[in-house]
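Source file: model_11.cif (mmCIF, C-alpha atoms)
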```cif
data_final
loop_
_atom_site.label_atom_id
_atom_site.label_comp_id
_atom_site.auth_asym_id
_atom_site.auth_seq_id
_atom_site.Cartn_x
_atom_site.Cartn_y
_atom_site.Cartn_z
CA MET A 1 123.36 113.76 98.81
CA SER A 2 121.55 113.70 95.49
CA PRO A 3 118.57 111.39 94.95
CA GLU A 4 120.57 109.51 92.33
CA ALA A 5 123.26 108.70 94.89
CA LEU A 6 120.87 107.10 97.32
CA PRO A 7 120.82 103.30 97.43
CA LEU A 8 117.52 101.69 96.62
CA SER A 9 115.45 100.40 99.47
CA ARG A 10 115.86 96.65 99.76
CA ARG A 11 112.10 96.41 99.29
CA SER A 12 112.00 98.87 96.39
CA PHE A 13 110.03 97.44 93.51
CA LEU A 14 109.75 94.15 95.38
CA ARG A 15 106.20 93.98 96.63
CA THR A 16 103.61 93.92 93.91
CA GLY A 17 100.17 93.30 95.23
CA SER A 18 98.32 91.26 92.65
CA ALA A 19 97.89 87.57 93.22
CA ALA A 20 96.78 87.10 89.64
CA ALA A 21 98.15 84.26 87.58
CA VAL A 22 100.14 86.64 85.33
CA GLY A 23 99.64 84.55 82.24
CA LEU A 24 100.78 81.25 83.71
CA GLY A 25 99.01 78.00 83.11
CA LEU A 26 97.84 77.42 86.65
CA GLY A 27 95.61 74.86 88.26
CA ALA A 28 93.23 75.72 91.07
CA THR A 29 94.60 75.36 94.58
CA SER A 30 93.26 76.04 98.01
CA ALA A 31 95.33 79.20 97.87
CA GLY A 32 93.53 80.45 94.77
CA CYS A 33 96.32 80.85 92.24
CA GLY A 34 100.03 81.31 91.85
CA PHE A 35 101.49 77.83 91.36
CA THR A 36 100.50 74.72 89.52
CA SER A 37 98.40 72.48 91.73
CA ALA A 38 101.12 69.89 92.07
CA ALA A 39 104.69 69.23 91.03
CA PRO A 40 105.12 68.41 87.33
CA ALA A 41 104.17 64.85 86.45
CA SER A 42 107.74 64.09 85.44
CA GLN A 43 109.00 65.16 88.85
CA GLU A 44 108.62 62.74 91.75
CA VAL A 45 107.60 64.54 94.93
CA ARG A 46 110.16 63.47 97.51
CA ASP A 47 109.54 63.53 101.24
CA GLU A 48 112.56 61.69 102.60
CA PRO A 49 114.93 63.70 104.83
CA ILE A 50 117.66 65.62 103.07
CA GLU A 51 121.19 64.68 104.05
CA MET A 52 123.06 67.80 105.10
CA LYS A 53 126.14 67.62 102.89
CA VAL A 54 127.80 69.41 99.99
CA ASP A 55 126.25 68.12 96.78
CA GLY A 56 127.07 71.03 94.49
CA ASP A 57 127.15 74.81 94.34
CA LEU A 58 124.22 76.71 95.89
CA VAL A 59 121.68 78.03 93.37
CA TYR A 60 120.09 80.89 95.31
CA PHE A 61 116.87 82.81 94.50
CA ASN A 62 115.81 85.74 96.69
CA TRP A 63 115.00 89.44 96.81
CA ALA A 64 118.03 91.46 95.71
CA ASP A 65 120.60 92.46 98.34
CA PHE A 66 118.98 90.49 101.15
CA VAL A 67 121.99 88.64 102.55
CA ASP A 68 125.21 90.28 103.69
CA PRO A 69 127.92 89.53 101.07
CA ALA A 70 130.28 88.65 103.92
CA VAL A 71 127.92 85.82 104.93
CA PHE A 72 127.98 84.45 101.38
CA ALA A 73 131.78 84.68 101.35
CA GLY A 74 132.09 82.85 104.65
CA PHE A 75 129.79 80.06 103.48
CA GLU A 76 131.68 79.67 100.19
CA LYS A 77 135.03 79.51 101.96
CA GLU A 78 133.95 77.02 104.62
CA TYR A 79 132.28 74.56 102.24
CA GLY A 80 134.28 75.10 99.06
CA VAL A 81 131.23 76.00 96.97
CA LYS A 82 129.98 78.98 94.99
CA VAL A 83 126.72 80.81 95.58
CA VAL A 84 125.06 81.31 92.19
CA GLN A 85 122.65 84.16 92.75
CA SER A 86 119.41 85.07 90.98
CA ASN A 87 116.86 87.61 92.16
CA PHE A 88 113.12 88.11 91.79
CA ASP A 89 111.25 91.41 91.96
CA SER A 90 107.90 90.05 93.18
CA MET A 91 106.30 86.87 94.44
CA GLU A 92 104.54 86.58 91.08
CA GLY A 93 107.95 86.76 89.42
CA MET A 94 109.20 83.98 91.66
CA ALA A 95 106.17 81.84 90.77
CA ALA A 96 106.69 82.45 87.06
CA LYS A 97 110.29 81.24 87.22
CA LEU A 98 109.38 78.12 89.18
CA ASN A 99 106.47 77.28 86.89
CA ALA A 100 108.73 77.76 83.85
CA GLY A 101 110.95 74.96 85.15
CA ASN A 102 113.84 77.00 86.55
CA ARG A 103 115.56 75.03 89.30
CA TYR A 104 116.89 76.56 92.51
CA ASP A 105 118.30 75.12 95.73
CA ILE A 106 116.97 77.76 98.12
CA ILE A 107 114.12 80.24 97.74
CA PHE A 108 112.51 82.78 100.08
CA PRO A 109 108.71 82.99 99.78
CA THR A 110 106.56 85.13 102.05
CA ALA A 111 104.17 83.29 104.36
CA LYS A 112 101.11 83.18 102.07
CA TRP A 113 103.23 82.13 99.11
CA ALA A 114 104.90 79.46 101.23
CA GLN A 115 101.42 78.04 101.84
CA ARG A 116 100.78 77.93 98.09
CA LEU A 117 104.05 76.08 97.55
CA VAL A 118 103.27 73.62 100.34
CA ASP A 119 99.75 73.01 99.01
CA GLY A 120 101.15 72.57 95.52
CA ARG A 121 103.66 69.96 96.77
CA ARG A 122 106.49 72.10 95.49
CA LEU A 123 108.81 71.98 98.53
CA ARG A 124 111.13 69.39 100.06
CA ARG A 125 110.71 68.48 103.71
CA ILE A 126 113.22 70.10 106.08
CA ASP A 127 114.21 67.77 108.91
CA HIS A 128 114.81 70.13 111.83
CA SER A 129 116.78 67.48 113.75
CA ARG A 130 119.52 67.64 111.12
CA LEU A 131 120.00 71.39 111.56
CA HIS A 132 122.28 72.30 114.43
CA ASN A 133 120.68 75.70 114.93
CA ALA A 134 116.97 75.12 114.29
CA ASP A 135 116.14 75.04 118.01
CA ALA A 136 117.22 78.68 118.30
CA VAL A 137 114.12 79.43 116.21
CA LEU A 138 111.56 76.75 116.95
CA ALA A 139 112.16 76.29 120.69
CA HIS A 140 111.91 80.01 121.42
CA TYR A 141 109.45 81.34 118.85
CA ASP A 142 106.47 79.08 119.40
CA TYR A 143 104.54 80.69 116.55
CA PHE A 144 106.94 79.29 113.98
CA ALA A 145 106.86 75.76 115.40
CA ASP A 146 103.41 75.27 113.86
CA PRO A 147 102.53 78.21 111.59
CA TRP A 148 99.28 78.35 109.64
CA TYR A 149 101.10 78.44 106.31
CA ASP A 150 103.17 75.28 106.92
CA PRO A 151 101.90 73.01 109.73
CA GLY A 152 104.78 71.84 111.86
CA SER A 153 107.17 73.96 109.76
CA ARG A 154 107.75 70.76 107.81
CA HIS A 155 108.89 72.57 104.67
CA THR A 156 110.04 76.02 105.82
CA LEU A 157 111.87 77.94 108.50
CA PRO A 158 111.39 81.68 109.04
CA PHE A 159 114.07 83.94 107.60
CA THR A 160 112.84 87.43 108.57
CA MET A 161 109.78 88.99 110.14
CA TYR A 162 108.44 92.52 109.88
CA LYS A 163 105.45 94.77 110.42
CA THR A 164 103.91 97.68 108.52
CA GLY A 165 103.41 101.16 109.93
CA ILE A 166 103.79 104.84 109.13
CA GLY A 167 107.06 106.70 108.67
CA TRP A 168 107.15 110.48 108.73
CA ARG A 169 109.38 113.53 108.79
CA LYS A 170 109.21 115.27 112.14
CA ASP A 171 110.81 118.40 110.72
CA LYS A 172 107.86 118.83 108.34
CA ILE A 173 104.76 117.77 110.28
CA GLY A 174 105.75 117.60 113.95
CA ASP A 175 107.18 115.23 116.51
CA GLU A 176 104.03 113.24 117.25
CA LEU A 177 101.22 111.60 115.30
CA SER A 178 97.95 110.35 116.74
CA GLY A 179 99.01 106.70 116.53
CA SER A 180 96.30 105.75 114.02
CA TRP A 181 96.05 104.87 110.36
CA ASP A 182 93.93 108.06 110.26
CA ASP A 183 97.22 109.96 110.26
CA LEU A 184 97.60 109.22 106.54
CA TRP A 185 94.60 111.52 106.08
CA SER A 186 96.24 114.34 108.09
CA PRO A 187 95.85 117.82 106.54
CA ARG A 188 99.45 118.52 107.60
CA ALA A 189 100.68 115.95 105.08
CA LYS A 190 98.14 116.50 102.30
CA SER A 191 99.49 115.81 98.81
CA ARG A 192 102.80 114.55 100.27
CA VAL A 193 101.73 111.09 101.40
CA PHE A 194 102.72 107.77 99.81
CA VAL A 195 101.24 104.34 100.38
CA LEU A 196 102.99 101.15 99.40
CA ASP A 197 102.53 99.90 95.85
CA ASP A 198 101.22 96.64 97.25
CA ARG A 199 97.69 95.27 97.04
CA ASP A 200 97.54 93.47 100.35
CA GLU A 201 99.26 96.22 102.33
CA VAL A 202 96.99 99.01 101.10
CA LEU A 203 93.74 97.05 101.28
CA GLY A 204 94.86 95.66 104.65
CA MET A 205 95.60 99.12 106.04
CA ALA A 206 92.10 100.32 105.17
CA ALA A 207 90.59 97.09 106.52
CA LEU A 208 92.29 97.58 109.90
CA LYS A 209 91.16 101.21 109.98
CA LEU A 210 87.59 100.01 109.46
CA GLY A 211 87.83 97.13 111.93
CA LEU A 212 87.67 94.48 109.18
CA ASP A 213 89.71 91.35 108.60
CA VAL A 214 93.06 92.28 107.07
CA SER A 215 92.55 89.75 104.23
CA THR A 216 88.82 90.17 103.74
CA THR A 217 87.28 89.01 100.47
CA ASP A 218 83.74 90.00 101.47
CA PRO A 219 82.23 92.17 98.68
CA ASP A 220 80.62 94.60 101.13
CA GLY A 221 83.84 94.92 103.10
CA LEU A 222 85.87 95.47 99.94
CA GLY A 223 83.35 98.13 98.91
CA GLU A 224 83.89 99.94 102.22
CA ILE A 225 87.64 99.65 101.77
CA THR A 226 87.51 101.06 98.25
CA GLU A 227 85.43 104.06 99.37
CA THR A 228 87.76 104.70 102.30
CA LEU A 229 90.80 104.65 100.05
CA ARG A 230 89.05 106.86 97.52
CA SER A 231 88.85 109.50 100.25
CA LEU A 232 92.60 109.21 100.72
CA ARG A 233 93.41 109.99 97.10
CA PRO A 234 93.49 113.82 97.54
CA HIS A 235 96.17 113.33 100.19
CA LEU A 236 98.35 111.01 98.10
CA ARG A 237 101.39 111.89 96.11
CA GLY A 238 101.53 108.35 94.84
CA PHE A 239 101.99 104.61 95.33
CA SER A 240 105.58 103.59 95.99
CA SER A 241 107.41 100.81 97.79
CA ASP A 242 110.60 102.88 97.96
CA SER A 243 109.51 104.19 101.33
CA TYR A 244 112.77 105.23 102.91
CA ASN A 245 114.22 107.03 99.91
CA ASN A 246 110.98 108.99 99.54
CA LEU A 247 111.40 110.17 103.14
CA LEU A 248 115.14 110.81 102.85
CA THR A 249 114.78 113.00 99.77
CA GLY A 250 111.73 114.84 101.08
CA ASN A 251 109.61 113.44 98.27
CA ALA A 252 107.27 112.30 101.05
CA VAL A 253 106.56 113.75 104.48
CA MET A 254 104.58 110.66 105.44
CA THR A 255 104.49 107.14 104.04
CA GLN A 256 103.17 103.69 104.73
CA ALA A 257 106.36 101.70 105.33
CA TRP A 258 107.79 98.29 106.19
CA SER A 259 109.57 98.31 109.53
CA GLY A 260 112.70 96.79 108.04
CA ASP A 261 113.02 99.55 105.47
CA MET A 262 112.72 102.17 108.19
CA ALA A 263 115.48 100.42 110.12
CA ALA A 264 117.65 100.32 106.99
CA MET A 265 117.02 104.05 106.52
CA LEU A 266 118.85 104.76 109.78
CA ASN A 267 122.11 103.89 108.02
CA GLN A 268 121.43 106.54 105.38
CA ALA A 269 119.94 109.39 107.39
CA GLU A 270 122.34 112.19 108.31
CA ASP A 271 120.09 113.01 111.28
CA PRO A 272 117.81 110.11 112.30
CA SER A 273 116.02 112.35 114.80
CA VAL A 274 114.30 114.04 111.86
CA PHE A 275 112.28 110.87 111.22
CA GLY A 276 109.69 108.86 113.10
CA PHE A 277 108.01 105.48 112.76
CA GLN A 278 104.78 104.35 114.41
CA VAL A 279 102.59 101.28 114.44
CA ALA A 280 98.89 102.10 114.26
CA LYS A 281 96.72 101.32 117.27
CA GLU A 282 94.16 99.62 114.98
CA GLY A 283 96.78 96.96 114.20
CA ALA A 284 99.89 96.40 112.10
CA PRO A 285 100.11 93.75 109.40
CA ILE A 286 102.80 91.16 110.16
CA ASN A 287 104.69 89.08 107.63
CA SER A 288 107.58 86.66 107.35
CA ASP A 289 109.97 85.60 104.63
CA CYS A 290 110.86 81.90 104.76
CA TYR A 291 113.70 79.57 103.85
CA ALA A 292 112.40 76.84 101.52
CA ILE A 293 113.95 74.14 99.32
CA PRO A 294 112.07 73.43 96.06
CA SER A 295 111.07 69.86 95.36
CA ASP A 296 113.31 69.79 92.28
CA ALA A 297 116.33 71.47 93.92
CA PRO A 298 119.48 70.13 92.25
CA HIS A 299 121.61 70.51 95.42
CA PRO A 300 119.34 70.14 98.46
CA GLY A 301 122.17 69.03 100.73
CA THR A 302 124.04 72.27 100.12
CA ALA A 303 120.80 74.16 100.72
CA MET A 304 120.47 72.51 104.15
CA LEU A 305 124.04 73.51 104.97
CA PHE A 306 123.25 77.08 103.91
CA ILE A 307 120.14 77.31 106.11
CA ASP A 308 122.14 76.03 109.08
CA TYR A 309 124.97 78.48 108.33
CA MET A 310 122.50 81.36 108.12
CA LEU A 311 121.12 80.43 111.56
CA ARG A 312 124.51 80.66 113.25
CA PRO A 313 124.58 83.59 115.72
CA GLU A 314 127.40 85.37 113.91
CA SER A 315 125.61 85.08 110.55
CA VAL A 316 122.35 86.32 112.06
CA ARG A 317 124.10 89.31 113.61
CA ARG A 318 125.76 90.27 110.34
CA ASN A 319 122.55 89.91 108.38
CA ILE A 320 120.37 91.83 110.82
CA GLU A 321 122.78 94.75 110.73
CA TYR A 322 122.98 94.57 106.94
CA ILE A 323 119.30 94.34 105.94
CA GLY A 324 117.54 96.00 108.88
CA TYR A 325 115.03 93.17 109.31
CA PRO A 326 114.91 91.04 112.48
CA MET A 327 115.44 87.32 112.24
CA PRO A 328 113.55 85.14 114.76
CA VAL A 329 116.62 83.51 116.29
CA LYS A 330 116.98 83.36 120.07
CA GLY A 331 119.83 85.48 121.39
CA THR A 332 119.76 88.05 118.59
CA GLU A 333 116.93 90.23 119.90
CA ASP A 334 119.25 92.73 121.59
CA ILE A 335 121.13 93.23 118.33
CA TYR A 336 117.99 94.35 116.55
CA THR A 337 116.71 96.41 119.49
CA ALA A 338 119.97 98.37 119.52
CA LEU A 339 119.88 98.80 115.75
CA VAL A 340 116.40 100.36 115.80
CA GLU A 341 116.76 102.37 119.02
CA PRO A 342 115.39 105.54 117.33
CA PHE A 343 112.40 103.54 115.99
CA PRO A 344 111.50 101.11 118.80
CA GLU A 345 108.19 100.20 117.15
CA CYS A 346 110.18 98.39 114.44
CA VAL A 347 110.81 95.57 116.93
CA VAL A 348 108.74 92.44 116.23
CA SER A 349 108.13 90.53 119.45
CA PRO A 350 106.73 86.99 119.74
CA GLY A 351 103.51 88.57 120.97
CA ASP A 352 103.15 90.47 117.68
CA LEU A 353 102.93 87.21 115.71
CA LYS A 354 99.20 86.64 115.30
CA ASP A 355 97.33 84.77 112.59
CA ASP A 356 94.80 87.53 112.01
CA LEU A 357 97.52 90.08 111.22
CA TYR A 358 99.10 87.98 108.47
CA PHE A 359 97.86 88.31 104.90
CA ARG A 360 96.11 85.04 104.10
CA ASN A 361 95.24 83.28 100.87
CA GLY A 362 91.65 83.40 99.66
CA ASP A 363 89.99 81.13 97.13
CA ALA A 364 90.17 82.02 93.47
CA GLN A 365 86.97 84.06 93.58
CA GLY A 366 88.13 85.96 96.66
CA GLU A 367 91.53 86.73 95.13
CA ARG A 368 89.84 88.07 91.99
CA ALA A 369 87.65 90.28 94.17
CA ARG A 370 90.71 91.69 95.91
CA ASP A 371 92.45 92.23 92.58
CA ALA A 372 89.41 94.13 91.30
CA ALA A 373 89.30 96.29 94.44
CA TRP A 374 93.00 97.08 94.05
CA THR A 375 92.48 98.02 90.41
CA ARG A 376 89.73 100.44 91.44
CA VAL A 377 91.94 101.95 94.14
CA LYS A 378 94.86 102.45 91.77
CA ALA A 379 92.58 103.96 89.10
CA GLY A 380 91.25 106.49 91.59
#
```
Please rewrite the model in this file as structure tokens.
Amino acid sequence: MSPEALPLSRRSFLRTGSAAAVGLGLGATSAGCGFTSAAPASQEVRDEPIEMKVDGDLVYFNWADFVDPAVFAGFEKEYGVKVVQSNFDSMEGMAAKLNAGNRYDIIFPTAKWAQRLVDGRRLRRIDHSRLHNADAVLAHYDYFADPWYDPGSRHTLPFTMYKTGIGWRKDKIGDELSGSWDDLWSPRAKSRVFVLDDRDEVLGMAALKLGLDVSTTDPDGLGEITETLRSLRPHLRGFSSDSYNNLLTGNAVMTQAWSGDMAAMLNQAEDPSVFGFQVAKEGAPINSDCYAIPSDAPHPGTAMLFIDYMLRPESVRRNIEYIGYPMPVKGTEDIYTALVEPFPECVVSPGDLKDDLYFRNGDAQGERARDAAWTRVKAG
């Protein structure tokens, strides 16, 4: 198969690292930057429960290709609505659209961006008691009942969860790695290694290797991280978030990779036994994408119906098999375990969900320090 024929990774071009304001007129928040500090003055922040009913078509805003089309079709048929899709290519891109006044019914921020939206009073409250299937998440995944980014999960529910590790080609550098982030520095892979084109992931990888906090903003710690990553540069072929295509084509023999992308790669690999995936013993960053309803959503009732439809067991099964990312819904664990049998370390268990492995928001000064460190790393 030619490189041109390969489908793009569902995380390709999706994870840019900078938390900078990207030219938006932003107020200071406890999260540093990214959204205006509160909903626009002309927009009343509403906290009453949303009635779960059809109140218009669903205006949907997410990463590209992140819901099985058959799930969309089933939802449209059952409720007699259309799903009007738009996609973002980064969290900064999502923020820009929201701050520009674009209105959506359902959005999918990552955990740290969900916190920014919550702090900025940009999300409607989600009444779990009105969702028929919310208990399949909250009663079985205790972490998401009261997550750091949205206390009480008042404004979000988790959509996916994933971890970051190392993917490699066994046919090029052997069947086993040492199980450490040090493997990215392996002479066997020199000049054929990629790391993700993502600020938090790359800085976080080096932080874990050094025994530092994954989201550190300490100047001395960031200095150590920068020096460590400078020593990696001779081994790198580049920065790329298209992890599985780089492995499939042989462009990389080793790459930092999201677990979900490695799972998705199994559908494309002619011989999955050629590839491996490991989680480093120093720790693996964990993250979640969330369901959220913006405070100015034109059709919040339809959004509630969509969340509930997505949490149905049959919808979860279809979506897990389609995107390769686990969804924290009780009763679906075996589906994902079977899907990633060749890469068992892709599985995200409740025990993996720990605050100190999530990327957290710093204050504005700390975010600028991390941006500056990332700029130095990218410049070499």
Counting only C-alpha atoms, the option among A:Met327, A:Gly80, A:Phe159, A:Tyr149 closest to Lys112 (chain A):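 Of A:Met327, A:Gly80, A:Phe159, A:Tyr149, the one nearest Lys112 (chain A) is A:Tyr149, counting only C-alpha atoms.
Among the candidate residues A:Arg122, A:His128, A:Lys190, A:Arg317, the one lying nearest to Pro294 (chain A) is A:Arg122, with distances computed using all atoms listed in the file.
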Which residues fall under the PyMOL selection byres ((chain A and resi 56-72) around 7) in this file, as an MDAnalysis selection string? chainID A and resid 10 54:55 73:76 81:89 104:108 299 302:303 315 318:319 322:323
Can you translate the PyMOL selection byres ((chain A and resi 276-293) around 6) into the concrete residues it hits in this file, as number ranges by chain? A: 105-111, 123-124, 156-168, 179-181, 208, 275, 294, 343, 357-358
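Once Leu138 (chain A) and its same-chain neighbours fewer than 3 positions away are set aside, A:His128, A:Ala134, A:Asp135, A:Tyr141, A:Asp142, A:Tyr143, A:Phe144, A:Ala145, A:Asp146, A:Ser153, A:Leu157, A:Pro328, A:Val329 remain within 9 Å of it when counting all atoms listed in the file.
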All residues 8 Å or closer to Leu339 (chain A), only C-alpha atoms, same chain fewer than 4 positions away omitted, as a PyMOL selection string: chain A and resi 263+321+324+335
Which of A:Val347, A:Val274, A:Met254, A:Leu210 sits closest to Glu224 (chain A) [using all atoms listed in the file]: A:Leu210
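The interatomic distance for the pair CA of Ala264 (chain A) and CA of Arg237 (chain A) works out to 22.7 Å.
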How many Å lie between CA of Arg233 (chain A) and CA of Asp175 (chain A), rounded to one decimal? 24.4 Å
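The space between CA of Ala297 (chain A) and CA of Arg103 (chain A) spans 5.9 Å.
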Return the single residue from A:Leu131, A:Met262, A:Val214, A:Leu236 that is closest to Trp185 (chain A), with distances computed using only C-alpha atoms.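 Nearest to Trp185 (chain A): A:Leu236.
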Check the smallest atom-to-atom distance from each of A:Ala372, A:Leu353, A:Ala95, A:Val377 to Leu232 (chain A) using all atoms listed in the file, then report the winner.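 Among the listed residues, A:Val377 lies closest to Leu232 (chain A).
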I'd like the residues picked by the PyMOL selection byres ((chain A and resi 189) around 9) written out as a list in words, using the chain letters and numbers from the file. Lys172, Ile173, Asp183, Leu184, Trp185, Ser186, Pro187, Arg188, Lys190, Ser191, Arg192, Val193, His235, Leu236, Ala252, Val253 and Met254 of chain A
I'd like to know which of A:Thr217, A:Ser349, A:Ser129, A:Ser295 is closest to Glu51 (chain A), using only C-alpha atoms.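 Counting only C-alpha atoms, the residue closest to Glu51 (chain A) is A:Ser129.
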Residue rebuild result region 178-199 of chain A, N, CA and C atoms as a PDB file, keeping the file's coordinate frame:
```pdb
ATOM      1  N   SER A 178      99.002 110.808 115.825  1.00  0.00           N
ATOM      2  CA  SER A 178      97.950 110.350 116.740  1.00  0.00           C
ATOM      3  C   SER A 178      98.059 108.865 117.067  1.00  0.00           C
ATOM      4  N   GLY A 179      98.881 108.139 116.301  1.00  0.00           N
ATOM      5  CA  GLY A 179      99.010 106.700 116.530  1.00  0.00           C
ATOM      6  C   GLY A 179      97.988 105.865 115.801  1.00  0.00           C
ATOM      7  N   SER A 180      97.370 106.424 114.761  1.00  0.00           N
ATOM      8  CA  SER A 180      96.300 105.750 114.020  1.00  0.00           C
ATOM      9  C   SER A 180      96.600 105.763 112.537  1.00  0.00           C
ATOM     10  N   TRP A 181      95.990 104.804 111.819  1.00  0.00           N
ATOM     11  CA  TRP A 181      96.050 104.870 110.360  1.00  0.00           C
ATOM     12  C   TRP A 181      95.399 106.153 109.834  1.00  0.00           C
ATOM     13  N   ASP A 182      94.548 106.784 110.654  1.00  0.00           N
ATOM     14  CA  ASP A 182      93.930 108.060 110.260  1.00  0.00           C
ATOM     15  C   ASP A 182      94.978 109.121 109.951  1.00  0.00           C
ATOM     16  N   ASP A 183      96.185 108.957 110.480  1.00  0.00           N
ATOM     17  CA  ASP A 183      97.220 109.960 110.260  1.00  0.00           C
ATOM     18  C   ASP A 183      97.562 110.133 108.782  1.00  0.00           C
ATOM     19  N   LEU A 184      97.342 109.082 107.980  1.00  0.00           N
ATOM     20  CA  LEU A 184      97.600 109.220 106.540  1.00  0.00           C
ATOM     21  C   LEU A 184      96.681 110.238 105.901  1.00  0.00           C
ATOM     22  N   TRP A 185      95.556 110.528 106.562  1.00  0.00           N
ATOM     23  CA  TRP A 185      94.600 111.520 106.080  1.00  0.00           C
ATOM     24  C   TRP A 185      94.864 112.909 106.684  1.00  0.00           C
ATOM     25  N   SER A 186      95.975 113.077 107.383  1.00  0.00           N
ATOM     26  CA  SER A 186      96.240 114.340 108.090  1.00  0.00           C
ATOM     27  C   SER A 186      96.377 115.510 107.122  1.00  0.00           C
ATOM     28  N   PRO A 187      95.693 116.630 107.396  1.00  0.00           N
ATOM     29  CA  PRO A 187      95.850 117.820 106.540  1.00  0.00           C
ATOM     30  C   PRO A 187      97.286 118.327 106.511  1.00  0.00           C
ATOM     31  N   ARG A 188      98.061 118.057 107.569  1.00  0.00           N
ATOM     32  CA  ARG A 188      99.450 118.520 107.600  1.00  0.00           C
ATOM     33  C   ARG A 188     100.302 117.862 106.517  1.00  0.00           C
ATOM     34  N   ALA A 189      99.885 116.695 106.064  1.00  0.00           N
ATOM     35  CA  ALA A 189     100.680 115.950 105.080  1.00  0.00           C
ATOM     36  C   ALA A 189     100.013 115.891 103.710  1.00  0.00           C
ATOM     37  N   LYS A 190      98.926 116.612 103.529  1.00  0.00           N
ATOM     38  CA  LYS A 190      98.140 116.500 102.300  1.00  0.00           C
ATOM     39  C   LYS A 190      98.994 116.705 101.058  1.00  0.00           C
ATOM     40  N   SER A 191      98.800 115.814 100.108  1.00  0.00           N
ATOM     41  CA  SER A 191      99.490 115.810  98.810  1.00  0.00           C
ATOM     42  C   SER A 191     100.953 115.388  98.906  1.00  0.00           C
ATOM     43  N   ARG A 192     101.402 114.983 100.111  1.00  0.00           N
ATOM     44  CA  ARG A 192     102.800 114.550 100.270  1.00  0.00           C
ATOM     45  C   ARG A 192     102.871 113.202 100.981  1.00  0.00           C
ATOM     46  N   VAL A 193     101.831 112.410 100.779  1.00  0.00           N
ATOM     47  CA  VAL A 193     101.730 111.090 101.400  1.00  0.00           C
ATOM     48  C   VAL A 193     101.901 110.011 100.330  1.00  0.00           C
ATOM     49  N   PHE A 194     102.636 108.957 100.666  1.00  0.00           N
ATOM     50  CA  PHE A 194     102.720 107.770  99.810  1.00  0.00           C
ATOM     51  C   PHE A 194     102.157 106.578 100.578  1.00  0.00           C
ATOM     52  N   VAL A 195     101.531 105.675  99.848  1.00  0.00           N
ATOM     53  CA  VAL A 195     101.240 104.340 100.380  1.00  0.00           C
ATOM     54  C   VAL A 195     102.021 103.346  99.538  1.00  0.00           C
ATOM     55  N   LEU A 196     102.199 102.160 100.085  1.00  0.00           N
ATOM     56  CA  LEU A 196     102.990 101.150  99.400  1.00  0.00           C
ATOM     57  C   LEU A 196     102.301 100.703  98.114  1.00  0.00           C
ATOM     58  N   ASP A 197     103.081 100.394  97.116  1.00  0.00           N
ATOM     59  CA  ASP A 197     102.530  99.900  95.850  1.00  0.00           C
ATOM     60  C   ASP A 197     102.351  98.389  95.994  1.00  0.00           C
ATOM     61  N   ASP A 198     101.399  98.024  96.846  1.00  0.00           N
ATOM     62  CA  ASP A 198     101.220  96.640  97.250  1.00  0.00           C
ATOM     63  C   ASP A 198      99.753  96.419  97.584  1.00  0.00           C
ATOM     64  N   ARG A 199      99.122  95.508  96.878  1.00  0.00           N
ATOM     65  CA  ARG A 199      97.690  95.270  97.040  1.00  0.00           C
ATOM     66  C   ARG A 199      97.311  94.947  98.474  1.00  0.00           C
TER      67      ARG A 199
END
```
